[in-house]
Structures are given as C-alpha cells and as structure tokens.
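Read the structure below first, then the notes.
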Amino acid sequence: MENAIGTSGRDGAAPRYALTSDEDDTDFWGLVHEADGFFTPLPQEVGARRVYLGGCLPQGGLLKSLSHVGTRRARAGNASFDVLDADGAAMGSYFVNDVTVTNVRPSERGAALVDLVVTLWCEDALPGAERLWDLIRTGRLNRTGLWHGLTPEDRRAWLSVALWSREYRRRGRPDTPPGQVFTLDGRNVVDRDSFYCAIGEAVNGPGGYFGWNLDALHDCLDGRWGATSPFTLLWESSAEARAALVERVPAGDGGTPLFDLIVEILRGRGISVILR
C-alpha cells in the first residue's frame, strides 16, 4: 500500500491507541504511542500477534499484569483496542483476545512510560490497514481514487478500515435523501473487492463503505449506510467492470456472473442502475 498512498506520518506527538478491558468498560488499560506488529499476523496461527506497545502508561488490569511476566497472571485478558485520532478520539476499535505481557522495560518517551511486548489474537486487524488509519488521522483521505493502485490484499484492508471507521467519519451525518444520483467509475473495478471500494466511494466519498460482500451490500441497501432507496447508480465504464466480474456465484439452479448478480440485487431493491 505504501506506493499507492505514501508512508505513515509518525511524529510521536500524541498517543495513537488505547486499550480498555472487554470484561469491564470502566477498567481502562492505558494509552499507547506505538503498536508495532498489531497489523502483522504471525505465521504459526491465524490471528496471532506479537505486538510492541511503545510509550505506554499502563493502568487497571494491564498494570496488574506487569509484575507477573513469565507466569499465567501476566495475562491481562480480552480488550477493546481503539485507534485514536490526533485529538484522542476513537476512530475505530478492534476486539483483541488474551492480551498477555511477555516483556516490560522503561520507555525513552518519558519517565512514567514503559515499553511492553504483548501477545494477543485479532483476526480483524488486516495487514496494510495501518496506513489507511494514518490517512484518516492526518486528514489525507480527502480525494477519490487513492485505492486504485492497491494490491488485492491491501484492497481488503482498505475495505476493513472503511467499515470500522464508518461511524467516526460520518459524525452522525444522515443518509442522503431518496432520489440521489451516484456515479460509480468502473475503470478500476478488476475484482469483487475493487467493486466494493468503488461503490463505497461513489456513495460515501473517499474511503467510504457500502458493503464488502453481497450480504453486506443487501444490508447497506436497507438504509443507515449513507444512501436512502430508491436512488440512481450511474455505472460508468460498465463494460470493463462486466469483463472483470465474471466469477460465477451460486444462485438458483446454476451460477450467475458476479456483475449480473450485483445488478440484479440493486435493481431488485428499487435502485435504477444505468450502465454506460
């Protein structure tokens, strides 16, 4: 993703993450400046992470675990792992399992801070997602097409952050009223995930979300996801998208090309789809 959207801005001025116990939301575990490894799965087990928490001020259950490194009591438990904006507000949150402290040392960031190494499990923090969070944090997710050059893996990460950051980015903004016209640019639709990147952007702007599978697309058409049915979707360069979305999806007695099934779903929900 680096070539497409640039490298992360890391000035270290403010904490970028926060942890809170999942068992007790009054048990705040602290703020963290760095979380290297959180978006990097370990190879031996799905969802396994070894994370360096740099510049941490441990509190609550996390603090209690520090004096028990190497024992079963070093396990702090399950937590919400919040990704913070520059003002300290949560942009999105991941659920993490079995946070266990394996190492602790004083931090160079400040006398009251420590650097921790923890193990945890989180299947939702996809590789490549961190840079998109940085775009949102720094206000650089401000133009369309930033996803165009991404790899298939990074497009999946893009969609995941679009979903997890949706409430933060909408800030309570209501859906557009019925009758709106949205334009979907099909030139960069090369597979199913790129279609969802494109329709999310068409409906909700740069980095927008409007589903990332067929079931989620159905849900978005029910409202509360940016658009109110009925609306019109102008699908530009639809022939290029049709040529790319040829995988056959089980439907009825046989398989239907994904492009045709998407159009069928949209039109079946009262959406006027104009193919250009």
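Residue numbering restarts at 1 for every chain of the structure tokens, chains are lettered A, B, ... in their displayed order, and ligands are numbered from 1 as they appear.
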Which residues of segment 72-185 of chain A come within 7 Å of segment 40-61 of chain A, and what is each one's closest atom pair and distance in Å (one decimal), counting only C-alpha atoms, sorted by chain and residue number, as CSV?
```
residue,atom,partner,partner_atom,distance
A:Ala76,CA,A:Gly61,CA,5.7
A:Ser107,CA,A:Gly55,CA,5.9
A:Arg109,CA,A:Gly55,CA,5.7
A:Ala112,CA,A:Leu57,CA,6.8
A:Leu113,CA,A:Leu57,CA,5.0
A:Val114,CA,A:Cys56,CA,5.3
A:Asp115,CA,A:Gly54,CA,4.5
A:Leu116,CA,A:Leu53,CA,5.0
A:Val117,CA,A:Tyr52,CA,4.6
A:Val118,CA,A:Val51,CA,5.3
A:Thr119,CA,A:Arg50,CA,4.6
A:Leu120,CA,A:Arg49,CA,5.3
A:Trp121,CA,A:Ala48,CA,4.6
A:Cys122,CA,A:Gly47,CA,4.8
A:Glu123,CA,A:Gly47,CA,4.2
A:Pro127,CA,A:Thr40,CA,5.6
```
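Near Asp25 of chain A, within a cut-off of 10 Å and counting only C-alpha atoms, sit the residues Leu19, Thr20, Ser21, Trp29, Ala79 and Ser80 of chain A, with same-chain residues fewer than 4 positions away left out.
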Using N, CA, C and O atoms, can you export the residues from the last selection as a PDB file, in the first residue's frame?
```
ATOM      1  N   LEU A  19      -6.324   1.074  25.116  1.00  0.00           N
ATOM      2  CA  LEU A  19      -6.864  -0.251  25.444  1.00  0.00           C
ATOM      3  C   LEU A  19      -7.776  -0.151  26.651  1.00  0.00           C
ATOM      4  O   LEU A  19      -7.479   0.550  27.618  1.00  0.00           O
ATOM      5  N   THR A  20      -8.888  -0.876  26.570  1.00  0.00           N
ATOM      6  CA  THR A  20      -9.852  -0.956  27.663  1.00  0.00           C
ATOM      7  C   THR A  20     -10.298  -2.401  27.797  1.00  0.00           C
ATOM      8  O   THR A  20     -10.526  -3.087  26.787  1.00  0.00           O
ATOM      9  N   SER A  21     -10.436  -2.866  29.021  1.00  0.00           N
ATOM     10  CA  SER A  21     -10.871  -4.238  29.248  1.00  0.00           C
ATOM     11  C   SER A  21     -12.216  -4.493  28.567  1.00  0.00           C
ATOM     12  O   SER A  21     -13.133  -3.668  28.636  1.00  0.00           O
ATOM     13  N   TRP A  29      -7.072   0.484  30.398  1.00  0.00           N
ATOM     14  CA  TRP A  29      -5.728  -0.079  30.496  1.00  0.00           C
ATOM     15  C   TRP A  29      -4.635   0.901  30.106  1.00  0.00           C
ATOM     16  O   TRP A  29      -3.471   0.648  30.368  1.00  0.00           O
ATOM     17  N   ALA A  79      -9.689  -7.340  25.379  1.00  0.00           N
ATOM     18  CA  ALA A  79      -9.744  -5.877  25.417  1.00  0.00           C
ATOM     19  C   ALA A  79     -10.317  -5.299  24.134  1.00  0.00           C
ATOM     20  O   ALA A  79     -10.371  -5.969  23.095  1.00  0.00           O
ATOM     21  N   SER A  80     -10.719  -4.047  24.224  1.00  0.00           N
ATOM     22  CA  SER A  80     -11.001  -3.226  23.049  1.00  0.00           C
ATOM     23  C   SER A  80      -9.734  -2.437  22.737  1.00  0.00           C
ATOM     24  O   SER A  80      -9.165  -1.795  23.622  1.00  0.00           O
TER      25      SER A  80
END
```
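The shortest atom-to-atom distance to Ala125 of chain A, with only C-alpha atoms taken into account, belongs to A:Gly37 out of A:Gly205, A:Gly37, A:Pro230, A:Pro177.
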**Report entry** Closest of A:His218, A:Arg224, A:Arg155, A:Arg187 to Glu264 of chain A - atom-to-atom distances counting only C-alpha atoms
**Finding:** A:His218
Query raised in the report: In segment 44-126 of chain A, what's alpha helix (DSSP H) per DSSP? Answer as JSON, numbers by chain?
Result: {"A": [60, 61, 62, 63, 64, 65]}
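Taking only C-alpha atoms into account, Leu258 of chain A lies nearest to A:Asp191 out of the set A:Asp24, A:Glu167, A:Asp85, A:Asp191.
Minimum atom-to-atom distances from A:Val101, A:Val190, A:Val273, A:Val181 to Glu247 of chain A were compared using only C-alpha atoms, and the lowest value belongs to A:Val190.
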9 Å contact set for Arg276 of chain A, only C-alpha atoms, chain neighbours under 5 positions out, as a PDB file with all heavy atoms, in the first residue's frame:
```pdb
ATOM      1  N   LEU A 234     -25.294   5.541 -11.661  1.00  0.00           N
ATOM      2  CA  LEU A 234     -24.722   5.635 -13.000  1.00  0.00           C
ATOM      3  C   LEU A 234     -23.399   4.863 -12.992  1.00  0.00           C
ATOM      4  O   LEU A 234     -22.432   5.288 -12.365  1.00  0.00           O
ATOM      5  CB  LEU A 234     -24.465   7.098 -13.377  1.00  0.00           C
ATOM      6  CG  LEU A 234     -25.669   8.028 -13.475  1.00  0.00           C
ATOM      7  CD1 LEU A 234     -25.210   9.440 -13.834  1.00  0.00           C
ATOM      8  CD2 LEU A 234     -26.661   7.524 -14.508  1.00  0.00           C
ATOM      9  N   TRP A 235     -23.359   3.750 -13.673  1.00  0.00           N
ATOM     10  CA  TRP A 235     -22.180   2.899 -13.667  1.00  0.00           C
ATOM     11  C   TRP A 235     -21.389   3.177 -14.941  1.00  0.00           C
ATOM     12  O   TRP A 235     -21.659   2.624 -16.000  1.00  0.00           O
ATOM     13  CB  TRP A 235     -22.583   1.440 -13.576  1.00  0.00           C
ATOM     14  CG  TRP A 235     -21.461   0.511 -13.211  1.00  0.00           C
ATOM     15  CD1 TRP A 235     -20.141   0.673 -13.507  1.00  0.00           C
ATOM     16  CD2 TRP A 235     -21.566  -0.719 -12.485  1.00  0.00           C
ATOM     17  NE1 TRP A 235     -19.411  -0.367 -13.013  1.00  0.00           N
ATOM     18  CE2 TRP A 235     -20.250  -1.236 -12.377  1.00  0.00           C
ATOM     19  CE3 TRP A 235     -22.634  -1.426 -11.928  1.00  0.00           C
ATOM     20  CZ2 TRP A 235     -19.982  -2.442 -11.733  1.00  0.00           C
ATOM     21  CZ3 TRP A 235     -22.366  -2.622 -11.288  1.00  0.00           C
ATOM     22  CH2 TRP A 235     -21.057  -3.123 -11.186  1.00  0.00           C
ATOM     23  N   GLU A 236     -20.398   4.059 -14.823  1.00  0.00           N
ATOM     24  CA  GLU A 236     -19.557   4.392 -15.959  1.00  0.00           C
ATOM     25  C   GLU A 236     -18.569   3.260 -16.230  1.00  0.00           C
ATOM     26  O   GLU A 236     -18.175   2.528 -15.318  1.00  0.00           O
ATOM     27  CB  GLU A 236     -18.784   5.691 -15.679  1.00  0.00           C
ATOM     28  CG  GLU A 236     -19.651   6.896 -15.341  1.00  0.00           C
ATOM     29  CD  GLU A 236     -20.344   7.473 -16.557  1.00  0.00           C
ATOM     30  OE1 GLU A 236     -20.131   6.939 -17.668  1.00  0.00           O
ATOM     31  OE2 GLU A 236     -21.097   8.454 -16.400  1.00  0.00           O
ATOM     32  N   SER A 237     -18.151   3.119 -17.499  1.00  0.00           N
ATOM     33  CA  SER A 237     -17.222   2.061 -17.903  1.00  0.00           C
ATOM     34  C   SER A 237     -17.703   0.698 -17.411  1.00  0.00           C
ATOM     35  O   SER A 237     -16.923  -0.143 -16.960  1.00  0.00           O
ATOM     36  CB  SER A 237     -15.809   2.343 -17.368  1.00  0.00           C
ATOM     37  OG  SER A 237     -15.329   3.579 -17.845  1.00  0.00           O
ATOM     38  N   SER A 238     -18.992   0.476 -17.525  1.00  0.00           N
ATOM     39  CA  SER A 238     -19.573  -0.765 -17.005  1.00  0.00           C
ATOM     40  C   SER A 238     -19.129  -1.981 -17.802  1.00  0.00           C
ATOM     41  O   SER A 238     -19.057  -3.092 -17.260  1.00  0.00           O
ATOM     42  CB  SER A 238     -21.102  -0.664 -16.999  1.00  0.00           C
ATOM     43  OG  SER A 238     -21.605  -0.458 -18.310  1.00  0.00           O
ATOM     44  N   ALA A 239     -18.806  -1.807 -19.075  1.00  0.00           N
ATOM     45  CA  ALA A 239     -18.353  -2.943 -19.877  1.00  0.00           C
ATOM     46  C   ALA A 239     -17.025  -3.478 -19.347  1.00  0.00           C
ATOM     47  O   ALA A 239     -16.792  -4.695 -19.334  1.00  0.00           O
ATOM     48  CB  ALA A 239     -18.222  -2.540 -21.341  1.00  0.00           C
TER      49      ALA A 239
END
```
Requested in this report: With a distance cut-off of 8 Å and only C-alpha atoms, select the neighbouring residues of Thr144 of chain A, excluding the residue or stretch itself and same-chain residues fewer than 6 positions from it, and output the selection as a ChimeraX atom specification.
Outcome: /A:201,205-207
Just to be explicit: take each residue in the selection above, keep N, CA and C atoms, and write the result as an mmCIF file, in the first residue's frame.
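The result, written out as out35.cif:
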```
data_model
loop_
_atom_site.group_PDB
_atom_site.id
_atom_site.type_symbol
_atom_site.label_atom_id
_atom_site.label_comp_id
_atom_site.auth_asym_id
_atom_site.auth_seq_id
_atom_site.Cartn_x
_atom_site.Cartn_y
_atom_site.Cartn_z
ATOM 1 N N GLU A 201 -16.956 4.418 -2.388
ATOM 2 C CA GLU A 201 -16.521 5.770 -2.722
ATOM 3 C C GLU A 201 -17.627 6.540 -3.438
ATOM 4 N N GLY A 205 -18.100 8.853 -0.574
ATOM 5 C CA GLY A 205 -16.908 9.665 -0.734
ATOM 6 C C GLY A 205 -15.631 8.889 -0.479
ATOM 7 N N PRO A 206 -14.467 9.570 -0.492
ATOM 8 C CA PRO A 206 -13.171 8.896 -0.340
ATOM 9 C C PRO A 206 -13.125 8.009 0.902
ATOM 10 N N GLY A 207 -12.725 6.763 0.703
ATOM 11 C CA GLY A 207 -12.653 5.822 1.817
ATOM 12 C C GLY A 207 -13.993 5.371 2.339
#
```
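Counting only C-alpha atoms, the residue from A:Leu245, A:Leu135, A:Ala74, A:Leu146 that sits nearest to Asp193 of chain A is A:Leu245.
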Query raised in the report: Among segment 165-256 of chain A, which ones does DSSP place in strand (DSSP E or B), written as a list in words?
Result: Thr176, Val181, Phe182, Thr183, Leu184, Asp185, Ala227, Thr232, Leu233, Leu234, Trp235, Glu236, Arg248, Val249, Pro250, Ala251, Gly254, Gly255 and Thr256 of chain A
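Nearest to Asp134 of chain A of all the residues A:Ile265, A:Ala227, A:Leu84, A:Val189 is A:Leu84, counting only C-alpha atoms.
With atom CA of Asp219 of chain A on one side and atom CA of Ser160 of chain A on the other, the separation reads 15.9 Å.
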Requested in this report: Identify, on the basis of only C-alpha atoms, every residue whose closest approach to Asp154 of chain A does not exceed 9 Å; exclude the query and any residue fewer than 3 positions from it along the same chain; express the result as a ChimeraX atom specification.
Outcome: /A:1,126-129,147,150-151,157-159
Suppose we keep all heavy atoms; can you now write the selection as a PDB file, in the first residue's frame?
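Just written: part12.pdb:
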```pdb
ATOM      1  N   MET A   1       0.822  -1.205   0.000  1.00  0.00           N
ATOM      2  CA  MET A   1       0.000   0.000   0.000  1.00  0.00           C
ATOM      3  C   MET A   1       0.857   1.256   0.000  1.00  0.00           C
ATOM      4  O   MET A   1       0.425   2.322  -0.378  1.00  0.00           O
ATOM      5  CB  MET A   1      -0.931   0.005   1.218  1.00  0.00           C
ATOM      6  CG  MET A   1      -1.987   1.091   1.177  1.00  0.00           C
ATOM      7  SD  MET A   1      -3.098   1.101   2.587  1.00  0.00           S
ATOM      8  CE  MET A   1      -3.997  -0.404   2.359  1.00  0.00           C
ATOM      9  N   LEU A 126      -6.095  -6.247   9.672  1.00  0.00           N
ATOM     10  CA  LEU A 126      -5.500  -6.815   8.469  1.00  0.00           C
ATOM     11  C   LEU A 126      -4.197  -6.109   8.097  1.00  0.00           C
ATOM     12  O   LEU A 126      -4.048  -4.901   8.307  1.00  0.00           O
ATOM     13  CB  LEU A 126      -6.485  -6.711   7.303  1.00  0.00           C
ATOM     14  CG  LEU A 126      -7.833  -7.401   7.497  1.00  0.00           C
ATOM     15  CD1 LEU A 126      -8.663  -7.283   6.221  1.00  0.00           C
ATOM     16  CD2 LEU A 126      -7.664  -8.860   7.890  1.00  0.00           C
ATOM     17  N   PRO A 127      -3.243  -6.842   7.545  1.00  0.00           N
ATOM     18  CA  PRO A 127      -2.007  -6.218   7.062  1.00  0.00           C
ATOM     19  C   PRO A 127      -2.319  -5.097   6.067  1.00  0.00           C
ATOM     20  O   PRO A 127      -3.155  -5.259   5.180  1.00  0.00           O
ATOM     21  CB  PRO A 127      -1.270  -7.373   6.377  1.00  0.00           C
ATOM     22  CG  PRO A 127      -1.812  -8.605   7.021  1.00  0.00           C
ATOM     23  CD  PRO A 127      -3.254  -8.310   7.338  1.00  0.00           C
ATOM     24  N   GLY A 128      -1.654  -3.977   6.207  1.00  0.00           N
ATOM     25  CA  GLY A 128      -1.885  -2.837   5.324  1.00  0.00           C
ATOM     26  C   GLY A 128      -2.884  -1.832   5.843  1.00  0.00           C
ATOM     27  O   GLY A 128      -2.984  -0.724   5.322  1.00  0.00           O
ATOM     28  N   ALA A 129      -3.648  -2.190   6.883  1.00  0.00           N
ATOM     29  CA  ALA A 129      -4.689  -1.286   7.376  1.00  0.00           C
ATOM     30  C   ALA A 129      -4.120  -0.065   8.094  1.00  0.00           C
ATOM     31  O   ALA A 129      -4.743   1.005   8.102  1.00  0.00           O
ATOM     32  CB  ALA A 129      -5.632  -2.036   8.311  1.00  0.00           C
ATOM     33  N   TRP A 147      -7.354   4.306  -3.683  1.00  0.00           N
ATOM     34  CA  TRP A 147      -7.275   2.844  -3.616  1.00  0.00           C
ATOM     35  C   TRP A 147      -6.916   2.208  -4.960  1.00  0.00           C
ATOM     36  O   TRP A 147      -6.676   0.995  -5.022  1.00  0.00           O
ATOM     37  CB  TRP A 147      -8.610   2.269  -3.142  1.00  0.00           C
ATOM     38  CG  TRP A 147      -9.779   2.642  -4.015  1.00  0.00           C
ATOM     39  CD1 TRP A 147     -10.561   3.758  -3.911  1.00  0.00           C
ATOM     40  CD2 TRP A 147     -10.278   1.915  -5.141  1.00  0.00           C
ATOM     41  NE1 TRP A 147     -11.522   3.771  -4.896  1.00  0.00           N
ATOM     42  CE2 TRP A 147     -11.366   2.643  -5.665  1.00  0.00           C
ATOM     43  CE3 TRP A 147      -9.919   0.709  -5.748  1.00  0.00           C
ATOM     44  CZ2 TRP A 147     -12.090   2.222  -6.774  1.00  0.00           C
ATOM     45  CZ3 TRP A 147     -10.645   0.278  -6.858  1.00  0.00           C
ATOM     46  CH2 TRP A 147     -11.719   1.041  -7.354  1.00  0.00           C
ATOM     47  N   LEU A 150      -3.843  -0.279  -5.361  1.00  0.00           N
ATOM     48  CA  LEU A 150      -3.586  -1.219  -4.276  1.00  0.00           C
ATOM     49  C   LEU A 150      -3.566  -2.669  -4.766  1.00  0.00           C
ATOM     50  O   LEU A 150      -4.215  -3.022  -5.745  1.00  0.00           O
ATOM     51  CB  LEU A 150      -4.662  -1.080  -3.188  1.00  0.00           C
ATOM     52  CG  LEU A 150      -4.792   0.294  -2.520  1.00  0.00           C
ATOM     53  CD1 LEU A 150      -5.846   0.238  -1.426  1.00  0.00           C
ATOM     54  CD2 LEU A 150      -3.458   0.757  -1.958  1.00  0.00           C
ATOM     55  N   THR A 151      -2.828  -3.497  -4.031  1.00  0.00           N
ATOM     56  CA  THR A 151      -2.828  -4.930  -4.284  1.00  0.00           C
ATOM     57  C   THR A 151      -4.146  -5.520  -3.790  1.00  0.00           C
ATOM     58  O   THR A 151      -4.869  -4.890  -3.004  1.00  0.00           O
ATOM     59  CB  THR A 151      -1.680  -5.609  -3.536  1.00  0.00           C
ATOM     60  OG1 THR A 151      -1.908  -5.479  -2.120  1.00  0.00           O
ATOM     61  CG2 THR A 151      -0.336  -4.972  -3.893  1.00  0.00           C
ATOM     62  N   ALA A 157      -7.801  -4.771   3.106  1.00  0.00           N
ATOM     63  CA  ALA A 157      -7.517  -3.950   4.281  1.00  0.00           C
ATOM     64  C   ALA A 157      -8.226  -2.606   4.187  1.00  0.00           C
ATOM     65  O   ALA A 157      -8.755  -2.090   5.184  1.00  0.00           O
ATOM     66  CB  ALA A 157      -6.008  -3.755   4.424  1.00  0.00           C
ATOM     67  N   TRP A 158      -8.252  -2.019   2.993  1.00  0.00           N
ATOM     68  CA  TRP A 158      -8.940  -0.745   2.766  1.00  0.00           C
ATOM     69  C   TRP A 158     -10.412  -0.861   3.149  1.00  0.00           C
ATOM     70  O   TRP A 158     -10.959  -0.010   3.857  1.00  0.00           O
ATOM     71  CB  TRP A 158      -8.786  -0.357   1.301  1.00  0.00           C
ATOM     72  CG  TRP A 158      -9.459   0.911   0.871  1.00  0.00           C
ATOM     73  CD1 TRP A 158     -10.777   1.079   0.563  1.00  0.00           C
ATOM     74  CD2 TRP A 158      -8.840   2.187   0.703  1.00  0.00           C
ATOM     75  NE1 TRP A 158     -11.035   2.378   0.197  1.00  0.00           N
ATOM     76  CE2 TRP A 158      -9.857   3.083   0.277  1.00  0.00           C
ATOM     77  CE3 TRP A 158      -7.548   2.659   0.849  1.00  0.00           C
ATOM     78  CZ2 TRP A 158      -9.603   4.424   0.004  1.00  0.00           C
ATOM     79  CZ3 TRP A 158      -7.297   3.996   0.575  1.00  0.00           C
ATOM     80  CH2 TRP A 158      -8.305   4.858   0.165  1.00  0.00           C
ATOM     81  N   LEU A 159     -11.052  -1.922   2.685  1.00  0.00           N
ATOM     82  CA  LEU A 159     -12.469  -2.120   2.984  1.00  0.00           C
ATOM     83  C   LEU A 159     -12.702  -2.323   4.475  1.00  0.00           C
ATOM     84  O   LEU A 159     -13.703  -1.848   5.030  1.00  0.00           O
ATOM     85  CB  LEU A 159     -13.014  -3.310   2.197  1.00  0.00           C
ATOM     86  CG  LEU A 159     -13.144  -3.103   0.688  1.00  0.00           C
ATOM     87  CD1 LEU A 159     -13.431  -4.430  -0.003  1.00  0.00           C
ATOM     88  CD2 LEU A 159     -14.241  -2.089   0.370  1.00  0.00           C
TER      89      LEU A 159
END
```
Requested in this report: Do a neighbour search on Tyr196 of chain A at 7 Å with only C-alpha atoms, toss out local chain neighbours closer than 3 positions, and write the hits as a ChimeraX atom specification.
Outcome: /A:192-193,199-200,210-212
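Between atom CA of Phe81 of chain A and atom CA of Phe38 of chain A there is a distance of 9.9 Å.
Here atom CA of Asn188 of chain A is placed at a distance of 9.6 Å from atom CA of Ala244 of chain A.
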